[in-house]
Amino acid sequence: MGTISGKNFIDRLNKLENEIWFDGEKIKGEISEHLAFKGILKAKASLYDLQNDPFLKGEMTFFLPGKEEPIGISYLQPKTKEDLKRRRKMMEYWARNTHGMMGRSPDYMNTVVMSFASSASILNGRENCFPENIEALYERAMENDLSFTHTFITPQVNRSQVYLGFTNEPISAKVIDRNEKGLVIKGARLLATQGGLTDEVLVFSAPRVFFDPSEAFAFSIPSNTEGLKFFCRESFVGGESSFNYPLSSRYEEMDSIVVFDNVLVPWDRVFYYDNVEAATDFLAESSFYQFAYHQVVTRQIVKTEFILGVAILLVNTINVGEYQHIHEKLSEIIIGLETMKSLLEKAENDAELDQWGYMRPSMIPLQVASNIFPKVYPRFSEIIQTIGASGMISLPTENAFGSEIRPELDQYLQADGMNALDRVKLFRLAWDLTMSSFGTRQTQYERYFFGDPVRLSSNLYRNYQKEQHVEDIIKFLNLKN
């Protein structure tokens with residue numbers, strides 16, 4: 001009980017035998033040995049091992065009253081600002097271990113489960129709502145250190161606001177039956193990052209203009225539930241060589257379509273169903289956004305630090321640090337980094353207790369950060385590409401350095417103060433970060449992490465307290481209301 005080791009995580013996942021389809025074939029055998037997944041699972045296992053590192057005792061875990069087993073701090077419900085900072089410090093450890101490249105490191109979904117439990121009272125006394133099941137999931141997740149993915153995006157059949165989606169056979173996952181055992185779900189949901197690579201999948205519905213009651217539900221079920229299928233996209237793992245593919249060989253997370261083929265969701269797993277108002281209120285009024293943004297911005301800061309390190313080392317390697325346009329480009333990354341750090345700190349400093357006694361980080365600074373990063377991250381990638389220039393293209397592989405052409409590679413690919421082998425290692429890292437299929441997926445992923453950037457801006461505008469600024473101008477001009 002309590003925190004698990006990396007081996008515990010791998011062994012448990014292999015035993016689930018989740019139904020995962022890759023390149024048109026159902027995966028058989030241990031998932032941890034499949035080329036498309038072994039890198040990310042090994043990286044994820046290393047995070048679980050960090051929780052048990054004796055040198056990080058107290059930094060990664062906490063203890064519940066009356067319990068002897070350590071619990072991962074990502075499950076901690078913060079009651080003070082110090083608790084918030086403690087959570088952030090733990091998340092920084094995990095993010096630095098993966099250089100911010102793992103969007104679905106376990107702390108993200110642990111945070112989501114924690115936030116749901118912290119706000120479960122919103123559902124008290126409401127029709128077709130079971131807040132006690134959310135609290136039971138939270139307890140079970142902590143006790144067993146469960147891993148989760150989630151899915152809430154409907155298939156992009158028609159993105160028009162007036163499209164109601166009526167078809168003979170469900171496309172978007174919906175409730176098609178209810179019986180004494182639970183809900184029966186049929187249809188699909190999109191973009192479960194690490195879908196099939198976790199113990200459970202958390203399913204909920206994102207509110208929208210036309211909300212079909214049969215799609216207004218939330219639940220969590222084991223990933224090996226009968227009828228639950230994960231359809232994978234093409235893998236972006238270029239190969240197992242960490243020389244050739246320093247990032248994708250380790251951190252390619254895989255995204256999948258989640259298909260519900262008449263999946264039975266037991267009643268004790270259901271949070272709510274057939275209640276549009278509850279489904280809308282729960283996400284809007286719960287602490288989900290505050291805590292999820294807090295984790296994401298923490299990771300994005302670490303990722304930006306990594307990008308800055310790559311950019312500076314590129315500059316030093318090819319000796320272009322004397323040029324002012326290089327200073328300007330590096331300063332763009334620095335400005336982005338320090339802006340994100342300041343916004344995160346403000347969110348913690350301005351945190352307030354909610355009505356249930358939990359310390360929520362301030363939402364506005366986190367919303368600002370979530371509007372900034374989708375714009376600056378593609379620019380960071382462009383800066384890396386611009387600095388590396390043609391050096392990002394003509395890059396030999398690891399095998400080339402083990403062949404008879406090694407002496408010529410050593411001669412022609414050396415850099416100022418760096419041998420050819422190390423120079424190619426660095427440039428392959430920059431390429432994998434910004435130009436490979438893995439790198440371009442990272443850019444698209446950060447662009448849309450919290451949804452449509454235009455909608456994010458609109459939400460920020462609506463939530464921002466503007467009235468006092470308007471009143472100041474009215475008073476200054478002595479305008480009549």
# chains A, B, ... in the order shown; residues from 1 in each chain; ligands from 1
call {"tool": "closest_atom_pairs", "arguments": {"of": "region 383-480 of chain A", "to": "region 193-214 of chain A", "cutoff": "12 Å", "atoms": "only C-alpha atoms", "output": "Markdown table"}}
result
| residue | atom | partner | partner_atom | distance |
| --- | --- | --- | --- | --- |
| A:Arg441 | CA | A:Thr193 | CA | 11.9 |
| A:Tyr445 | CA | A:Thr193 | CA | 10.2 |
| A:Phe449 | CA | A:Thr193 | CA | 11.0 |
| A:Phe450 | CA | A:Ala206 | CA | 11.5 |
| A:Gly451 | CA | A:Ala206 | CA | 10.7 |
| A:Arg455 | CA | A:Arg208 | CA | 11.9 |
call {"tool": "residues_around", "arguments": {"residues": "region 367-370 of chain A", "least_positions_apart": "4", "cutoff": "10 Å", "atoms": "only C-alpha atoms", "output": "ChimeraX atom specification"}}
result
/A:289-290,293-294,296-297,300,336,339-344,347,362-363,374-375,446-451,453,456-457,459-461,463-464
call {"tool": "write_last_selection", "arguments": {"atoms": "N, CA and C atoms", "output": "compact mmCIF listing (two decimals), in the first residue's frame"}}
result
# COMPACT_ATOMS: atom_id res chain seq x y z
N TYR A 289 -9.41 23.23 -12.55
CA TYR A 289 -8.57 24.09 -13.38
C TYR A 289 -7.40 24.68 -12.58
N GLN A 290 -7.66 25.13 -11.38
CA GLN A 290 -6.58 25.75 -10.59
C GLN A 290 -5.43 24.78 -10.35
N TYR A 293 -3.76 23.52 -13.81
CA TYR A 293 -2.89 24.56 -14.37
C TYR A 293 -1.60 24.69 -13.54
N HIS A 294 -1.73 24.58 -12.23
CA HIS A 294 -0.56 24.70 -11.35
C HIS A 294 0.48 23.64 -11.71
N VAL A 296 0.71 21.97 -14.63
CA VAL A 296 1.16 22.14 -16.01
C VAL A 296 2.16 23.28 -16.13
N VAL A 297 1.89 24.41 -15.51
CA VAL A 297 2.81 25.55 -15.59
C VAL A 297 4.15 25.20 -14.95
N GLN A 300 5.95 23.18 -17.54
CA GLN A 300 6.35 24.00 -18.69
C GLN A 300 7.54 24.89 -18.37
N GLY A 336 10.43 34.64 -21.62
CA GLY A 336 9.34 33.68 -21.47
C GLY A 336 9.47 32.88 -20.19
N THR A 339 8.87 35.13 -17.08
CA THR A 339 7.45 35.49 -17.01
C THR A 339 6.63 34.35 -16.44
N MET A 340 6.87 33.14 -16.93
CA MET A 340 6.14 31.97 -16.43
C MET A 340 6.43 31.74 -14.95
N LYS A 341 7.69 31.89 -14.56
CA LYS A 341 8.06 31.69 -13.15
C LYS A 341 7.37 32.72 -12.26
N SER A 342 7.31 33.96 -12.72
CA SER A 342 6.67 35.01 -11.94
C SER A 342 5.17 34.77 -11.79
N LEU A 343 4.54 34.31 -12.86
CA LEU A 343 3.11 34.05 -12.81
C LEU A 343 2.80 32.88 -11.87
N LEU A 344 3.65 31.86 -11.89
CA LEU A 344 3.44 30.72 -10.99
C LEU A 344 3.59 31.16 -9.54
N ALA A 347 0.59 33.11 -8.49
CA ALA A 347 -0.55 32.24 -8.27
C ALA A 347 -0.50 31.61 -6.89
N SER A 362 -4.22 31.07 -7.18
CA SER A 362 -5.00 32.09 -7.87
C SER A 362 -5.10 31.76 -9.36
N MET A 363 -6.31 31.83 -9.89
CA MET A 363 -6.57 31.36 -11.24
C MET A 363 -6.07 32.32 -12.32
N PRO A 374 1.29 28.65 -25.17
CA PRO A 374 1.01 28.17 -26.52
C PRO A 374 1.56 29.07 -27.62
N LYS A 375 1.78 30.34 -27.31
CA LYS A 375 2.32 31.27 -28.29
C LYS A 375 3.85 31.27 -28.31
N GLU A 446 1.75 21.45 -26.98
CA GLU A 446 1.75 22.63 -26.12
C GLU A 446 0.81 23.71 -26.65
N ARG A 447 0.64 23.78 -27.97
CA ARG A 447 -0.31 24.75 -28.54
C ARG A 447 -1.73 24.52 -28.03
N TYR A 448 -2.10 23.25 -27.89
CA TYR A 448 -3.50 22.92 -27.59
C TYR A 448 -3.66 22.18 -26.27
N PHE A 449 -2.69 22.34 -25.35
CA PHE A 449 -2.74 21.55 -24.12
C PHE A 449 -4.05 21.77 -23.37
N PHE A 450 -4.48 23.02 -23.25
CA PHE A 450 -5.73 23.31 -22.55
C PHE A 450 -6.84 23.71 -23.51
N GLY A 451 -6.67 23.35 -24.79
CA GLY A 451 -7.73 23.63 -25.74
C GLY A 451 -7.39 24.75 -26.71
N PRO A 453 -6.57 28.02 -28.28
CA PRO A 453 -5.97 29.23 -27.71
C PRO A 453 -6.89 30.44 -27.74
N LEU A 456 -9.20 30.08 -24.89
CA LEU A 456 -8.49 30.38 -23.65
C LEU A 456 -8.42 31.89 -23.42
N SER A 457 -8.15 32.63 -24.48
CA SER A 457 -8.10 34.09 -24.37
C SER A 457 -9.47 34.66 -24.00
N ASN A 459 -11.85 33.12 -22.37
CA ASN A 459 -12.13 32.79 -20.96
C ASN A 459 -11.40 33.73 -20.02
N LEU A 460 -10.16 34.05 -20.34
CA LEU A 460 -9.40 34.98 -19.52
C LEU A 460 -10.08 36.35 -19.48
N TYR A 461 -10.51 36.82 -20.64
CA TYR A 461 -11.17 38.12 -20.71
C TYR A 461 -12.45 38.13 -19.87
N ASN A 463 -13.20 36.24 -17.30
CA ASN A 463 -12.95 36.03 -15.87
C ASN A 463 -12.20 37.19 -15.20
N TYR A 464 -11.53 37.99 -15.99
CA TYR A 464 -10.70 39.05 -15.42
C TYR A 464 -11.57 40.15 -14.81
call {"tool": "residues_around", "arguments": {"residues": "Phe236 (chain A)", "least_positions_apart": "2", "cutoff": "10 Å", "atoms": "only C-alpha atoms", "output": "list in words"}}
result
Ala36, Arg233, Glu234, Gly238, Gly239, Tyr245, Ser248, Ser249, Tyr251, Glu252, Glu253, Met254, Ser436, Ser437, Phe438, Gly439, Thr440 and Arg441 of chain A
call {"tool": "write_last_selection", "arguments": {"atoms": "all heavy atoms", "output": "CSV table (one decimal), in the first residue's frame"}}
result
chain,number,residue,atom,x,y,z
A,36,ALA,N,7.3,0.7,-29.2
A,36,ALA,CA,6.6,2.0,-29.2
A,36,ALA,C,6.4,2.5,-27.8
A,36,ALA,O,6.1,3.7,-27.6
A,36,ALA,CB,5.3,1.8,-29.9
A,233,ARG,N,-2.1,6.0,-32.5
A,233,ARG,CA,-1.6,6.6,-33.7
A,233,ARG,C,-0.2,6.0,-34.0
A,233,ARG,O,0.3,5.1,-33.3
A,233,ARG,CB,-1.4,8.2,-33.5
A,233,ARG,CG,-0.4,8.5,-32.3
A,233,ARG,CD,0.1,9.9,-32.5
A,233,ARG,NE,0.7,10.4,-31.2
A,233,ARG,CZ,1.9,10.1,-30.8
A,233,ARG,NH1,2.6,9.2,-31.5
A,233,ARG,NH2,2.4,10.6,-29.7
A,234,GLU,N,0.4,6.5,-35.1
A,234,GLU,CA,1.7,6.1,-35.5
A,234,GLU,C,2.7,6.5,-34.4
A,234,GLU,O,2.6,7.5,-33.8
A,234,GLU,CB,2.2,6.7,-36.8
A,234,GLU,CG,3.6,6.4,-37.3
A,234,GLU,CD,3.9,7.2,-38.5
A,234,GLU,OE1,3.1,7.9,-39.0
A,234,GLU,OE2,5.1,7.0,-39.0
A,238,GLY,N,11.8,7.1,-33.0
A,238,GLY,CA,12.6,6.9,-34.2
A,238,GLY,C,13.4,5.6,-34.1
A,238,GLY,O,13.7,4.9,-35.1
A,239,GLY,N,13.7,5.2,-32.9
A,239,GLY,CA,14.5,4.0,-32.7
A,239,GLY,C,15.0,3.9,-31.2
A,239,GLY,O,14.7,4.9,-30.5
A,245,TYR,N,18.1,9.3,-31.2
A,245,TYR,CA,16.8,9.8,-30.8
A,245,TYR,C,16.8,10.1,-29.3
A,245,TYR,O,16.1,9.3,-28.6
A,245,TYR,CB,15.7,8.9,-31.2
A,245,TYR,CG,15.8,8.4,-32.7
A,245,TYR,CD1,16.3,7.2,-33.0
A,245,TYR,CD2,15.3,9.3,-33.7
A,245,TYR,CE1,16.4,6.8,-34.3
A,245,TYR,CE2,15.4,8.9,-35.0
A,245,TYR,CZ,16.0,7.7,-35.3
A,245,TYR,OH,16.1,7.3,-36.7
A,248,SER,N,12.8,11.1,-28.2
A,248,SER,CA,11.7,10.2,-28.6
A,248,SER,C,12.0,8.8,-28.1
A,248,SER,O,11.0,8.0,-27.8
A,248,SER,CB,11.5,10.2,-30.1
A,248,SER,OG,12.6,9.5,-30.8
A,249,SER,N,13.2,8.3,-27.9
A,249,SER,CA,13.5,7.0,-27.4
A,249,SER,C,13.1,6.9,-26.0
A,249,SER,O,12.9,5.8,-25.4
A,249,SER,CB,15.0,6.6,-27.6
A,249,SER,OG,15.8,7.5,-26.9
A,251,TYR,N,10.8,9.5,-24.2
A,251,TYR,CA,9.6,10.3,-23.8
A,251,TYR,C,8.5,10.3,-24.7
A,251,TYR,O,7.5,11.1,-24.6
A,251,TYR,CB,10.0,11.7,-23.4
A,251,TYR,CG,11.2,11.8,-22.5
A,251,TYR,CD1,12.3,12.6,-22.8
A,251,TYR,CD2,11.2,11.1,-21.3
A,251,TYR,CE1,13.4,12.7,-21.9
A,251,TYR,CE2,12.3,11.1,-20.4
A,251,TYR,CZ,13.4,12.0,-20.7
A,251,TYR,OH,14.5,12.0,-19.9
A,252,GLU,N,8.5,9.5,-25.8
A,252,GLU,CA,7.3,9.4,-26.7
A,252,GLU,C,6.1,8.8,-26.0
A,252,GLU,O,6.1,7.6,-25.7
A,252,GLU,CB,7.7,8.6,-27.9
A,252,GLU,CG,7.1,9.1,-29.2
A,252,GLU,CD,5.6,8.8,-29.3
A,252,GLU,OE1,4.9,9.7,-28.8
A,252,GLU,OE2,5.2,7.9,-29.9
A,253,GLU,N,5.1,9.6,-25.7
A,253,GLU,CA,4.0,9.2,-24.8
A,253,GLU,C,2.9,8.4,-25.5
A,253,GLU,O,2.2,7.7,-24.8
A,253,GLU,CB,3.4,10.4,-24.1
A,253,GLU,CG,4.3,11.1,-23.2
A,253,GLU,CD,3.6,12.2,-22.4
A,253,GLU,OE1,3.1,11.9,-21.3
A,253,GLU,OE2,3.7,13.4,-22.8
A,254,MET,N,2.8,8.5,-26.8
A,254,MET,CA,1.7,7.9,-27.5
A,254,MET,C,0.3,8.5,-27.1
A,254,MET,O,0.0,8.8,-26.0
A,254,MET,CB,1.6,6.4,-27.3
A,254,MET,CG,0.6,5.7,-28.1
A,254,MET,SD,0.7,6.0,-29.9
A,254,MET,CE,2.1,5.0,-30.3
A,436,SER,N,12.0,16.6,-35.4
A,436,SER,CA,11.6,15.3,-35.7
A,436,SER,C,10.0,15.2,-35.5
A,436,SER,O,9.4,16.2,-35.1
A,436,SER,CB,12.3,14.3,-34.7
A,436,SER,OG,11.8,14.6,-33.4
A,437,SER,N,9.5,14.0,-35.8
A,437,SER,CA,8.0,13.9,-35.6
A,437,SER,C,7.7,14.0,-34.1
A,437,SER,O,6.7,14.6,-33.7
A,437,SER,CB,7.6,12.5,-36.1
A,437,SER,OG,8.3,11.4,-35.5
A,438,PHE,N,8.6,13.6,-33.2
A,438,PHE,CA,8.4,13.8,-31.8
A,438,PHE,C,8.4,15.3,-31.5
A,438,PHE,O,7.6,15.8,-30.7
A,438,PHE,CB,9.6,13.1,-31.0
A,438,PHE,CG,9.6,13.4,-29.5
A,438,PHE,CD1,8.9,12.7,-28.6
A,438,PHE,CD2,10.4,14.4,-29.0
A,438,PHE,CE1,8.9,12.9,-27.3
A,438,PHE,CE2,10.4,14.7,-27.7
A,438,PHE,CZ,9.7,14.0,-26.8
A,439,GLY,N,9.4,16.0,-32.0
A,439,GLY,CA,9.5,17.4,-31.7
A,439,GLY,C,8.3,18.2,-32.2
A,439,GLY,O,7.8,19.1,-31.5
A,440,THR,N,7.8,17.9,-33.4
A,440,THR,CA,6.7,18.7,-33.9
A,440,THR,C,5.4,18.3,-33.2
A,440,THR,O,4.6,19.2,-33.0
A,440,THR,CB,6.5,18.4,-35.4
A,440,THR,OG1,6.4,17.0,-35.7
A,440,THR,CG2,7.7,19.0,-36.2
A,441,ARG,N,5.3,17.1,-32.7
A,441,ARG,CA,4.2,16.8,-31.8
A,441,ARG,C,4.2,17.5,-30.5
A,441,ARG,O,3.2,18.0,-30.0
A,441,ARG,CB,4.2,15.2,-31.6
A,441,ARG,CG,3.0,14.7,-30.8
A,441,ARG,CD,3.4,14.6,-29.3
A,441,ARG,NE,2.3,14.0,-28.5
A,441,ARG,CZ,2.3,14.0,-27.2
A,441,ARG,NH1,3.3,14.5,-26.5
A,441,ARG,NH2,1.3,13.4,-26.5
call {"tool": "closest_residue", "arguments": {"among": "A:Thr434, A:Asn14, A:Gln414, A:Gln77", "to": "Ile307 (chain A)", "atoms": "only C-alpha atoms"}}
result
A:Thr434
call {"tool": "closest_atom_pairs", "arguments": {"of": "region 211-312 of chain A", "to": "region 106-125 of chain A", "cutoff": "8 Å", "atoms": "only C-alpha atoms", "output": "tab-separated table"}}
result
residue	atom	partner	partner_atom	distance
A:Ala278	CA	A:Leu123	CA	6.9
A:Asp281	CA	A:Ile122	CA	8.0
A:Phe282	CA	A:Ile122	CA	6.5
A:Glu285	CA	A:Ile122	CA	7.8
A:Ser286	CA	A:Ser119	CA	5.1
A:Ser287	CA	A:Ser115	CA	5.4
A:Phe288	CA	A:Ser115	CA	5.1
A:Phe291	CA	A:Thr111	CA	6.5
A:Ala292	CA	A:Val112	CA	6.2
A:Gln295	CA	A:Tyr108	CA	6.3
A:Val296	CA	A:Tyr108	CA	7.4
call {"tool": "write_last_selection", "arguments": {"atoms": "N, CA and C atoms", "output": "PDB file, in the first residue's frame"}}
result
ATOM      1  N   ALA A 278     -25.067  19.519 -13.640  1.00  0.00           N
ATOM      2  CA  ALA A 278     -24.000  19.050 -12.750  1.00  0.00           C
ATOM      3  C   ALA A 278     -22.678  18.908 -13.504  1.00  0.00           C
ATOM      4  N   ASP A 281     -21.392  22.480 -14.019  1.00  0.00           N
ATOM      5  CA  ASP A 281     -20.995  23.127 -12.767  1.00  0.00           C
ATOM      6  C   ASP A 281     -19.746  22.497 -12.166  1.00  0.00           C
ATOM      7  N   PHE A 282     -19.643  21.185 -12.271  1.00  0.00           N
ATOM      8  CA  PHE A 282     -18.553  20.515 -11.576  1.00  0.00           C
ATOM      9  C   PHE A 282     -17.194  20.999 -12.067  1.00  0.00           C
ATOM     10  N   GLU A 285     -16.864  24.994 -11.207  1.00  0.00           N
ATOM     11  CA  GLU A 285     -16.794  25.412  -9.810  1.00  0.00           C
ATOM     12  C   GLU A 285     -15.779  24.627  -8.984  1.00  0.00           C
ATOM     13  N   SER A 286     -15.363  23.486  -9.488  1.00  0.00           N
ATOM     14  CA  SER A 286     -14.390  22.677  -8.748  1.00  0.00           C
ATOM     15  C   SER A 286     -13.012  23.320  -8.827  1.00  0.00           C
ATOM     16  N   SER A 287     -12.061  22.705  -8.142  1.00  0.00           N
ATOM     17  CA  SER A 287     -10.677  23.196  -8.169  1.00  0.00           C
ATOM     18  C   SER A 287      -9.868  22.565  -9.290  1.00  0.00           C
ATOM     19  N   PHE A 288     -10.550  21.887 -10.218  1.00  0.00           N
ATOM     20  CA  PHE A 288      -9.862  21.189 -11.303  1.00  0.00           C
ATOM     21  C   PHE A 288      -8.905  22.100 -12.061  1.00  0.00           C
ATOM     22  N   PHE A 291      -5.748  23.570  -9.909  1.00  0.00           N
ATOM     23  CA  PHE A 291      -4.685  22.625  -9.579  1.00  0.00           C
ATOM     24  C   PHE A 291      -4.048  22.020 -10.826  1.00  0.00           C
ATOM     25  N   ALA A 292      -4.846  21.772 -11.862  1.00  0.00           N
ATOM     26  CA  ALA A 292      -4.279  21.235 -13.098  1.00  0.00           C
ATOM     27  C   ALA A 292      -3.336  22.245 -13.746  1.00  0.00           C
ATOM     28  N   GLN A 295       0.043  22.411 -11.928  1.00  0.00           N
ATOM     29  CA  GLN A 295       0.971  21.349 -12.302  1.00  0.00           C
ATOM     30  C   GLN A 295       1.546  21.595 -13.690  1.00  0.00           C
ATOM     31  N   VAL A 296       0.711  21.968 -14.627  1.00  0.00           N
ATOM     32  CA  VAL A 296       1.162  22.141 -16.012  1.00  0.00           C
ATOM     33  C   VAL A 296       2.165  23.281 -16.129  1.00  0.00           C
TER      34      VAL A 296
END
call {"tool": "atom_distance", "arguments": {"atom1": "CA of Lys346 (chain A)", "atom2": "CA of Arg86 (chain A)"}}
result
15.4 Å
call {"tool": "closest_residue", "arguments": {"among": "A:Leu264, A:Pro155, A:Tyr412, A:Asn371", "to": "Glu180 (chain A)", "atoms": "only C-alpha atoms"}}
result
A:Leu264
call {"tool": "select_by_dssp", "arguments": {"residues": "region 193-395 of chain A", "states": "helix (DSSP H, G or I)", "output": "VMD selection string"}}
result
chain A and resid 213 to 215 248 to 251 267 to 269 276 to 285 288 to 318 324 to 349 363 to 392
call {"tool": "residues_around", "arguments": {"residues": "Asn8 (chain A)", "least_positions_apart": "2", "cutoff": "12 Å", "atoms": "only C-alpha atoms", "output": "PyMOL selection string"}}
result
chain A and resi 1-6+10-15+41-42+44-49+144-147+199
call {"tool": "atom_distance", "arguments": {"atom1": "CA of Arg406 (chain A)", "atom2": "CA of Val237 (chain A)"}}
result
25.8 Å
call {"tool": "decode", "arguments": {"residues": "region 435-451 of chain A", "atoms": "N, CA, C and O atoms", "output": "PDB file, in the first residue's frame"}}
result
ATOM      1  N   MET A 435      12.412  19.295 -34.616  1.00  0.00           N
ATOM      2  CA  MET A 435      12.198  18.994 -36.028  1.00  0.00           C
ATOM      3  C   MET A 435      11.747  17.568 -36.326  1.00  0.00           C
ATOM      4  O   MET A 435      11.181  17.314 -37.392  1.00  0.00           O
ATOM      5  N   SER A 436      12.001  16.648 -35.440  1.00  0.00           N
ATOM      6  CA  SER A 436      11.559  15.273 -35.666  1.00  0.00           C
ATOM      7  C   SER A 436      10.043  15.190 -35.486  1.00  0.00           C
ATOM      8  O   SER A 436       9.399  16.150 -35.057  1.00  0.00           O
ATOM      9  N   SER A 437       9.454  14.034 -35.799  1.00  0.00           N
ATOM     10  CA  SER A 437       8.022  13.854 -35.559  1.00  0.00           C
ATOM     11  C   SER A 437       7.708  14.024 -34.085  1.00  0.00           C
ATOM     12  O   SER A 437       6.665  14.580 -33.724  1.00  0.00           O
ATOM     13  N   PHE A 438       8.620  13.585 -33.218  1.00  0.00           N
ATOM     14  CA  PHE A 438       8.445  13.785 -31.777  1.00  0.00           C
ATOM     15  C   PHE A 438       8.434  15.275 -31.452  1.00  0.00           C
ATOM     16  O   PHE A 438       7.577  15.752 -30.703  1.00  0.00           O
ATOM     17  N   GLY A 439       9.375  16.013 -32.006  1.00  0.00           N
ATOM     18  CA  GLY A 439       9.497  17.437 -31.715  1.00  0.00           C
ATOM     19  C   GLY A 439       8.317  18.248 -32.212  1.00  0.00           C
ATOM     20  O   GLY A 439       7.830  19.140 -31.505  1.00  0.00           O
ATOM     21  N   THR A 440       7.842  17.935 -33.411  1.00  0.00           N
ATOM     22  CA  THR A 440       6.699  18.689 -33.931  1.00  0.00           C
ATOM     23  C   THR A 440       5.429  18.346 -33.167  1.00  0.00           C
ATOM     24  O   THR A 440       4.554  19.198 -32.995  1.00  0.00           O
ATOM     25  N   ARG A 441       5.319  17.104 -32.690  1.00  0.00           N
ATOM     26  CA  ARG A 441       4.182  16.751 -31.846  1.00  0.00           C
ATOM     27  C   ARG A 441       4.238  17.531 -30.541  1.00  0.00           C
ATOM     28  O   ARG A 441       3.208  17.986 -30.028  1.00  0.00           O
ATOM     29  N   GLN A 442       5.438  17.736 -29.978  1.00  0.00           N
ATOM     30  CA  GLN A 442       5.573  18.529 -28.758  1.00  0.00           C
ATOM     31  C   GLN A 442       5.042  19.948 -28.979  1.00  0.00           C
ATOM     32  O   GLN A 442       4.359  20.508 -28.124  1.00  0.00           O
ATOM     33  N   THR A 443       5.358  20.526 -30.122  1.00  0.00           N
ATOM     34  CA  THR A 443       4.898  21.881 -30.424  1.00  0.00           C
ATOM     35  C   THR A 443       3.377  21.930 -30.508  1.00  0.00           C
ATOM     36  O   THR A 443       2.733  22.811 -29.929  1.00  0.00           O
ATOM     37  N   GLN A 444       2.788  20.983 -31.237  1.00  0.00           N
ATOM     38  CA  GLN A 444       1.329  20.954 -31.366  1.00  0.00           C
ATOM     39  C   GLN A 444       0.668  20.655 -30.022  1.00  0.00           C
ATOM     40  O   GLN A 444      -0.388  21.219 -29.692  1.00  0.00           O
ATOM     41  N   TYR A 445       1.279  19.807 -29.236  1.00  0.00           N
ATOM     42  CA  TYR A 445       0.756  19.431 -27.923  1.00  0.00           C
ATOM     43  C   TYR A 445       0.678  20.642 -27.004  1.00  0.00           C
ATOM     44  O   TYR A 445      -0.328  20.865 -26.322  1.00  0.00           O
ATOM     45  N   GLU A 446       1.747  21.453 -26.981  1.00  0.00           N
ATOM     46  CA  GLU A 446       1.749  22.633 -26.119  1.00  0.00           C
ATOM     47  C   GLU A 446       0.815  23.710 -26.651  1.00  0.00           C
ATOM     48  O   GLU A 446       0.246  24.481 -25.875  1.00  0.00           O
ATOM     49  N   ARG A 447       0.636  23.781 -27.966  1.00  0.00           N
ATOM     50  CA  ARG A 447      -0.305  24.751 -28.540  1.00  0.00           C
ATOM     51  C   ARG A 447      -1.726  24.515 -28.030  1.00  0.00           C
ATOM     52  O   ARG A 447      -2.481  25.457 -27.793  1.00  0.00           O
ATOM     53  N   TYR A 448      -2.099  23.252 -27.887  1.00  0.00           N
ATOM     54  CA  TYR A 448      -3.495  22.920 -27.588  1.00  0.00           C
ATOM     55  C   TYR A 448      -3.657  22.181 -26.270  1.00  0.00           C
ATOM     56  O   TYR A 448      -4.659  21.492 -26.072  1.00  0.00           O
ATOM     57  N   PHE A 449      -2.694  22.341 -25.352  1.00  0.00           N
ATOM     58  CA  PHE A 449      -2.738  21.555 -24.121  1.00  0.00           C
ATOM     59  C   PHE A 449      -4.048  21.772 -23.374  1.00  0.00           C
ATOM     60  O   PHE A 449      -4.671  20.830 -22.887  1.00  0.00           O
ATOM     61  N   PHE A 450      -4.481  23.016 -23.248  1.00  0.00           N
ATOM     62  CA  PHE A 450      -5.731  23.308 -22.547  1.00  0.00           C
ATOM     63  C   PHE A 450      -6.837  23.714 -23.507  1.00  0.00           C
ATOM     64  O   PHE A 450      -7.821  24.338 -23.112  1.00  0.00           O
ATOM     65  N   GLY A 451      -6.673  23.355 -24.786  1.00  0.00           N
ATOM     66  CA  GLY A 451      -7.735  23.626 -25.743  1.00  0.00           C
ATOM     67  C   GLY A 451      -7.394  24.746 -26.706  1.00  0.00           C
ATOM     68  O   GLY A 451      -6.255  25.193 -26.821  1.00  0.00           O
TER      69      GLY A 451
END
